[in-house]
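> Okay, handing you the structure first.
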Number of protein chains: 4
Amino acid sequence: MRDIQNQPDFRKINIKKVGVKNISYPITVLDKANATQKTIATVNMYVNLPHQFKGTHMSRFVEILNRFHGEINLKNFHNILGEMKSRLQAQAAHMEIEFPYFLKKSDTAAGAAAVEYRCRMHGSLQDEDDLVMEIMVPIRPPSSAPASGVMPRSLGNWGIAKVALRFLRFIWIEDLIIMIESVASHNLSWSSPNPPGSHDELTLENMTRSLARKLRDNKDICWFNVNIKNFSQSGDTFAALEWQKA
Amino acid sequence: MRDIQNQPDFRKINIKKVGVKNISYPITVLDKANATQKTIATVNMYVNLPHQFKGTHMSRFVEILNRFHGEINLKNFHNILGEMKSRLQAQAAHMEIEFPYFLKKSDTAAGAAAVEYRCRMHGSLQDEDDLVMEIMVPIRPPSSAPASGVMPRSLGNWGIAKVALRFLRFIWIEDLIIMIESVASHNLSWSSPNPPGSHDELTLENMTRSLARKLRDNKDICWFNVNIKNFSQSGDTFAALEWQKA
Amino acid sequence: MRDIQNQPDFRKINIKKVGVKNISYPITVLDKANATQKTIATVNMYVNLPHQFKGTHMSRFVEILNRFHGEINLKNFHNILGEMKSRLQAQAAHMEIEFPYFLKKSDTAAGAAAVEYRCRMHGSLQDEDDLVMEIMVPIRPPSSAPASGVMPRSLGNWGIAKVALRFLRFIWIEDLIIMIESVASHNLSWSSPNPPGSHDELTLENMTRSLARKLRDNKDICWFNVNIKNFSQSGDTFAALEWQKA
Amino acid sequence: MRDIQNQPDFRKINIKKVGVKNISYPITVLDKANATQKTIATVNMYVNLPHQFKGTHMSRFVEILNRFHGEINLKNFHNILGEMKSRLQAQAAHMEIEFPYFLKKSDTAAGAAAVEYRCRMHGSLQDEDDLVMEIMVPIRPPSSAPASGVMPRSLGNWGIAKVALRFLRFIWIEDLIIMIESVASHNLSWSSPNPPGSHDELTLENMTRSLARKLRDNKDICWFNVNIKNFSQSGDTFAALEWQKA
């Protein structure tokens with residue numbers, strides 16, 4: 001059989017992206033407290049094809065992933081994208097991974113499980129590398145009352161914060177989680193300038209702005225998108241903003 | 001071709017249940033305020049086969065459903081099951097339908113949408129009819145404060161109550177929702193004997209018991225199962241109980 | 001209380017988008033065979049705020065939606081966006097709705113249910129209107145064999161095609177579905193130039209290109225994005241392309 | 001404060017079950033090829049309470065789980081249930097865990113990922129231990145053609161088999177997967193007595209029976225429930241059967 005995979009394609013309509021999606025894959029990620037953490041990712045890998053080629057060998061994507069044994073760190077992310085680009089003769093290579101990250105807080109009681117956070121990394125390589133990290137942090141009213149023990153311990157789920165960012169220097173996932181949770185917690189506490197009940201919408205918008213200010217003040221972050229959602233009875237309300245270092 | 005669908009099956013291992021699942025189907029249900037409500041159900045239909053037959057005509061299930069045009073009420077439920085049982089020569093017939101039910105509350109502001117509740121009905125007919133109705137009601141802290149306006153308007157989702165019941169006389173879905181919500185709301189309010197913060201677990205268990213007492217006092221209900229879940233940081237807590245009229 | 005909703009906000013970090021999400025809402029859409037079809041949508045509505053304002057009245061979004069009683073057609077889409085923009089004093093208004101659309105095929109046997117397709121419409125209004133329609137069409141091997149009855153009737157799910165498009169003139173959802181299904185079916189049939197087994201990846205890419213050619217030849221379509229996924233054992237493979245009328 | 005957790009409860013309506021649900025928890029399970037495999041489970045733990053007690057300490061569930069560090073094997077399952085029963089003074093203890101299990105097949109090409117299977121174990125301890133293992137195995141048409149290379153390599157997803165079983169002696173998850181896949185594959189191949197296209201329903205029912213026969217012939221299995229689903233255009237068809245060793 002002719003190797004039609006490498007023949008020029010003269011037809012007018014060209015495939016733009018080709019790849020694999022929803023691969024469930026055990027990976028190892030960096031963990032501040034324990035050096036590494038094993039988790040399970042959903043992986044998407046795809047390339048932008050140059051116009052004069054058609055077809056690609058789908059199995060090569062997973063072959064490359066297998067060679068790195070699922071060790072996901074900044075250096076490997078770059079190397080995987082580089083191999084995808086060269087072996088598939090592509091203009092650009094992309095890899096998206098999404099995984100649960102478990103954080104056991106230092107003040108956690110013996111009877112508490114580590115908390116699960118959804119993380120997502122989207123790397124791409126055309127002429128330059130680009131990496132966006134995204135984290136989803138559930139927001140809950142703070143568990144202790146400021147004054148008289150009136151505030152309930154488990155009021156359930158207030159909402160969720162989704163933060164996407166680009167960074168100049170490596171940032172630990174746990175440092176990011178702690179930053180987001182402290183802002184959320186402060187904005188829902190009774191001593192905040194806008195106590196939670198006075199105006200939902202203000203609480204939501206103030207929390208979004210407070211978090212943005214905190215992220216902007218971090219020298220290691222050069223771009224972010226903050227999206228905060230408040231669950232309510234018939235649908236959620238949300239506020240979002242984006243910032244880019246000048 | 002021989003009609004192998006109607007041949008006796010002498011092999012030892014027999015199919016017990018056969019049917020169709022996950023059929024997305026527009027239906028009409030009864031609605032206290034508007035007479036009827038159009039919604040979209042997920043339907044499962046299956047039969048228990050007598051041992052001496054093998055095979056069945058899968059298309060007959062949907063054929064029967066189509067004949068009733070998705071009108072789902074108590075009488076039709078019975079008739080559909082009856083047709084399934086006779087046309088498929090089955091020992092028993094089952095139909096499960098799950099659908100979102102929309103309730104627009106009378107005190108709803110112009111800017112509020114109707115609230116969506118998940119309902120499920122499981123009917124079966126062997127020698128006698130049996131029908132279990134199930135409803136999922138989200139639980140949220142009450143929206144107004146008892147005293148000084150301190151209580152937040154939208155504290156998000158505290159948890160969810162799942163109530164399954166058998167009844168002696170028809171019960172409106174909305175009456176059931178209102179009953180469940182009033183119990184939940186009372187148990188989460190500050191004037192309740194166990195204010196929400198003092199002990200999560202007590203709040204959860206007291207709410208479960210209060211709801212059970214209310215359902216037990218309803219003359220039209222002859223059996224129920226109550227399961228209440230409270231969302232918390234690393235998993236949910238739940239309490240459940242079941243009751244049968246003596 | 002001061003009306004802080006309308007006060008200028010001099011702080012540096014500004015909310016970019018604000019709105020409501022995941023509202024479950026019964027709607028009526030146009031249907032070629034039956035004039036209209038009642039279904040249930042998930043609705044997102046949001047606005048881009050001008051920098052000098054803060055806050056917005058969340059309830060206004062649903063208030064506007066309620067005024068149109070969930071009648072979703074091209075004219076109403078435009079009017080809803082217009083009201084959002086003016087009543088919320090916004091730079092831009094967006095509405096996304098996603099819903100199941102039911103299509104009963106003319107050649108359908110009595111024992112078949114209508115088939116469910118997921119549709120999505122994303123409209124926005126800044127200076128001009130923009131509307132993107134998206135449809136997900138499951139791909140299944142054709143149900144009849146070309147020659148000797150060899151091809152199985154229900155081989156399950158081969159994959160899914162997601163087609164997003166902008167149009168110059170109104171297009172019926174059902175015409176779009178039929179177009180997509182006929183291309184998929186042709187590419188999976190034995191008489192096709194690349195029979196399904198010879199090369200998965202070629203089948204996938206050829207199908208993507210065939211569908212693109214068909215869409216390009218439709219005078220009413222001015223832009224599209226086609227993304228076809230083939231389910232396989234450990235993840236899916238996909239090919240995608242985009243086209244814009246010159 | 002009085003220790004109300006240990007006080008008798010004289011009210012008539014008693015909580016039947018209480019516990020924790022949906023805890024996301026990293027675990028280690030046995031793996032035939034690699035001794036152990038790290039994965040992530042969703043865990044439910046609950047107890048039946050004796051009637052004269054009310055309340056329980058929710059944190060104790062996770063405390064017990066933490067003490068076993070997520071090592072899940074038959075011995076630990078028994079020990080965890082035993083501790084739950086004694087520490088919570090319960091009549092019965094239950095633990096359900098659900099997790100993805102990854103299997104790398106020996107004949108797998110370099111470019112293939114391990115395949116993910118969903119597993120579930122439900123253990124309970126009242127007077128005696130009981131353990132049910134459940135596995136979901138996707139069914140796909142066999143990847144090679146019997147004669148002339150006509151059969152497609154990736155025909156997508158035909159359906160799914162759910163097998164639950166009780167065993168007398170330990171069974172490797174991978175042995176179970178291989179058994180299920182070989183039966184499914186044989187029943188969908190062209191040389192089978194009922195080739196896949198002739199009658200969907202027969203293929204489905206024959207496959208269910210073939211699998212049941214194979215499971216019944218395994219001396220280590222004392223009970224099973226087989227449920228096979230075939231995906232089709234507007235809903236799935238299924239057949240199920242159950243067997244108990246005499």
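Please note that chains go A, B, ... in the order of the structure tokens, that every chain numbers its residues from 1, and that ligands are numbered from 1 in the order shown.
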Do a neighbour search on Met179 of chain C at 8 Å with only C-alpha atoms, toss out local chain neighbours closer than 4 positions, and write the hits as a list in words.
Asp175, Val183 and Lys214 of chain C
> Deliver the residues from the most recent selection as a file, using C-alpha atoms, as a PDB file, in the first residue's frame.

```
ATOM      1  CA  ASP C 175     -32.007  20.344   7.403  1.00  0.00           C
ATOM      2  CA  VAL C 183     -22.246  12.726   4.933  1.00  0.00           C
ATOM      3  CA  LYS C 214     -21.030  20.157   1.854  1.00  0.00           C
TER       4      LYS C 214
END
```
> Write out as a PDB file with N, CA and C atoms, in the first residue's frame every residue belonging to chain A that has an atom at most 6 Å from any atom of chain C, counting only C-alpha atoms.

```pdb
ATOM      1  N   ILE A  15      -7.726  20.094   6.890  1.00  0.00           N
ATOM      2  CA  ILE A  15      -7.885  19.858   8.312  1.00  0.00           C
ATOM      3  C   ILE A  15      -7.026  20.876   9.051  1.00  0.00           C
ATOM      4  N   LYS A  16      -7.577  21.437  10.112  1.00  0.00           N
ATOM      5  CA  LYS A  16      -6.815  22.432  10.852  1.00  0.00           C
ATOM      6  C   LYS A  16      -6.167  21.814  12.089  1.00  0.00           C
ATOM      7  N   LYS A  17      -6.951  21.005  12.797  1.00  0.00           N
ATOM      8  CA  LYS A  17      -6.432  20.373  14.008  1.00  0.00           C
ATOM      9  C   LYS A  17      -6.769  18.897  13.982  1.00  0.00           C
ATOM     10  N   VAL A  18      -5.849  18.095  14.505  1.00  0.00           N
ATOM     11  CA  VAL A  18      -6.095  16.675  14.564  1.00  0.00           C
ATOM     12  C   VAL A  18      -5.423  16.150  15.836  1.00  0.00           C
ATOM     13  N   GLY A  19      -6.043  15.169  16.485  1.00  0.00           N
ATOM     14  CA  GLY A  19      -5.406  14.680  17.703  1.00  0.00           C
ATOM     15  C   GLY A  19      -6.256  13.695  18.473  1.00  0.00           C
ATOM     16  N   VAL A  20      -5.915  13.529  19.740  1.00  0.00           N
ATOM     17  CA  VAL A  20      -6.621  12.591  20.609  1.00  0.00           C
ATOM     18  C   VAL A  20      -7.225  13.350  21.784  1.00  0.00           C
ATOM     19  N   LYS A  21      -8.343  12.825  22.293  1.00  0.00           N
ATOM     20  CA  LYS A  21      -9.085  13.514  23.361  1.00  0.00           C
ATOM     21  C   LYS A  21      -9.547  12.542  24.427  1.00  0.00           C
ATOM     22  N   ASN A  22      -9.715  13.054  25.638  1.00  0.00           N
ATOM     23  CA  ASN A  22     -10.328  12.273  26.720  1.00  0.00           C
ATOM     24  C   ASN A  22      -9.579  10.989  27.032  1.00  0.00           C
ATOM     25  N   ILE A  23      -8.247  11.046  26.949  1.00  0.00           N
ATOM     26  CA  ILE A  23      -7.458   9.894  27.372  1.00  0.00           C
ATOM     27  C   ILE A  23      -7.331   9.951  28.883  1.00  0.00           C
ATOM     28  N   SER A 234     -32.398  29.531  41.386  1.00  0.00           N
ATOM     29  CA  SER A 234     -32.761  29.116  40.032  1.00  0.00           C
ATOM     30  C   SER A 234     -31.700  29.564  39.042  1.00  0.00           C
ATOM     31  N   GLY A 235     -30.486  29.073  39.247  1.00  0.00           N
ATOM     32  CA  GLY A 235     -29.368  29.472  38.394  1.00  0.00           C
ATOM     33  C   GLY A 235     -28.315  30.152  39.238  1.00  0.00           C
ATOM     34  N   ASP A 236     -27.154  30.360  38.670  1.00  0.00           N
ATOM     35  CA  ASP A 236     -26.040  30.960  39.400  1.00  0.00           C
ATOM     36  C   ASP A 236     -25.820  32.387  38.914  1.00  0.00           C
ATOM     37  N   THR A 237     -25.235  33.225  39.778  1.00  0.00           N
ATOM     38  CA  THR A 237     -24.800  34.543  39.321  1.00  0.00           C
ATOM     39  C   THR A 237     -23.279  34.506  39.245  1.00  0.00           C
ATOM     40  N   PHE A 238     -22.708  35.281  38.346  1.00  0.00           N
ATOM     41  CA  PHE A 238     -21.248  35.276  38.256  1.00  0.00           C
ATOM     42  C   PHE A 238     -20.707  36.650  37.874  1.00  0.00           C
ATOM     43  N   ALA A 239     -19.425  36.852  38.219  1.00  0.00           N
ATOM     44  CA  ALA A 239     -18.707  38.047  37.789  1.00  0.00           C
ATOM     45  C   ALA A 239     -17.325  37.595  37.351  1.00  0.00           C
ATOM     46  N   ALA A 240     -16.781  38.240  36.317  1.00  0.00           N
ATOM     47  CA  ALA A 240     -15.495  37.820  35.776  1.00  0.00           C
ATOM     48  C   ALA A 240     -14.661  39.020  35.402  1.00  0.00           C
ATOM     49  N   LEU A 241     -13.346  38.910  35.527  1.00  0.00           N
ATOM     50  CA  LEU A 241     -12.459  39.946  35.016  1.00  0.00           C
ATOM     51  C   LEU A 241     -11.138  39.346  34.589  1.00  0.00           C
TER      52      LEU A 241
END
```
> For Arg67 of chain C, work out the shell of residues within 12 Å, counting only C-alpha atoms and skipping chain neighbours fewer than 4 positions away, then give it as a PyMOL selection string.
(chain B and resi 110-113) or (chain C and resi 60-63+71-72+76+79-80+83-84)
> So which residues touch Thr39 of chain A within 8 Å, counting only C-alpha atoms, skipping near sequence neighbours fewer than 2 positions away, as an NGL selection string?
(:A and (26-29 or 37 or 41 or 99-101)) or (:D and (26 or 39-40))
> Could those selected residues go to a file with C-alpha atoms, as a compact mmCIF listing (two decimals), in the first residue's frame?

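What landed in again_11.txt:
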```txt
# COMPACT_ATOMS: atom_id res chain seq x y z
CA PRO A 26 -2.30 8.29 35.56
CA ILE A 27 0.17 11.15 36.09
CA THR A 28 2.55 12.49 38.73
CA VAL A 29 2.47 16.20 39.57
CA GLN A 37 1.50 13.44 44.06
CA ALA A 41 -5.60 13.08 34.37
CA PHE A 99 -6.76 16.37 37.05
CA PRO A 100 -7.93 16.35 40.67
CA TYR A 101 -5.29 17.72 43.05
CA PRO D 26 -6.57 8.38 46.69
CA THR D 39 -5.95 5.30 41.77
CA ILE D 40 -8.59 7.72 43.07
```
> Separation of atom CA of Ile178 of chain D and atom CA of Ile160 of chain C, in Å?
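Value for the atom CA of Ile178 of chain D-atom CA of Ile160 of chain C distance: 28.0 Å.
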> Work out how far apart atom CA of Glu98 of chain D and atom CA of Gly70 of chain D are and give it in Å to one decimal.
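Distance between the two atoms: 12.6 Å.
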> Taking the DSSP secondary structure from the backbone, can you list the residues of segment 38-235 of chain A that are helix (DSSP H, G or I), as a PyMOL selection string?
chain A and resi 59-67+74-87+173-188+200-216
> Give me, as a PyMOL selection string, all polymer residues having an atom no more than 8 Å from Ala164 of chain D, counting only C-alpha atoms and skipping those fewer than 4 positions away in the same chain.
chain D and resi 132-135+224-226
> Would you work out the distance separating atom CA of Lys245 of chain C from atom CA of Lys162 of chain C, expressed in Å to one decimal?
19.3 Å
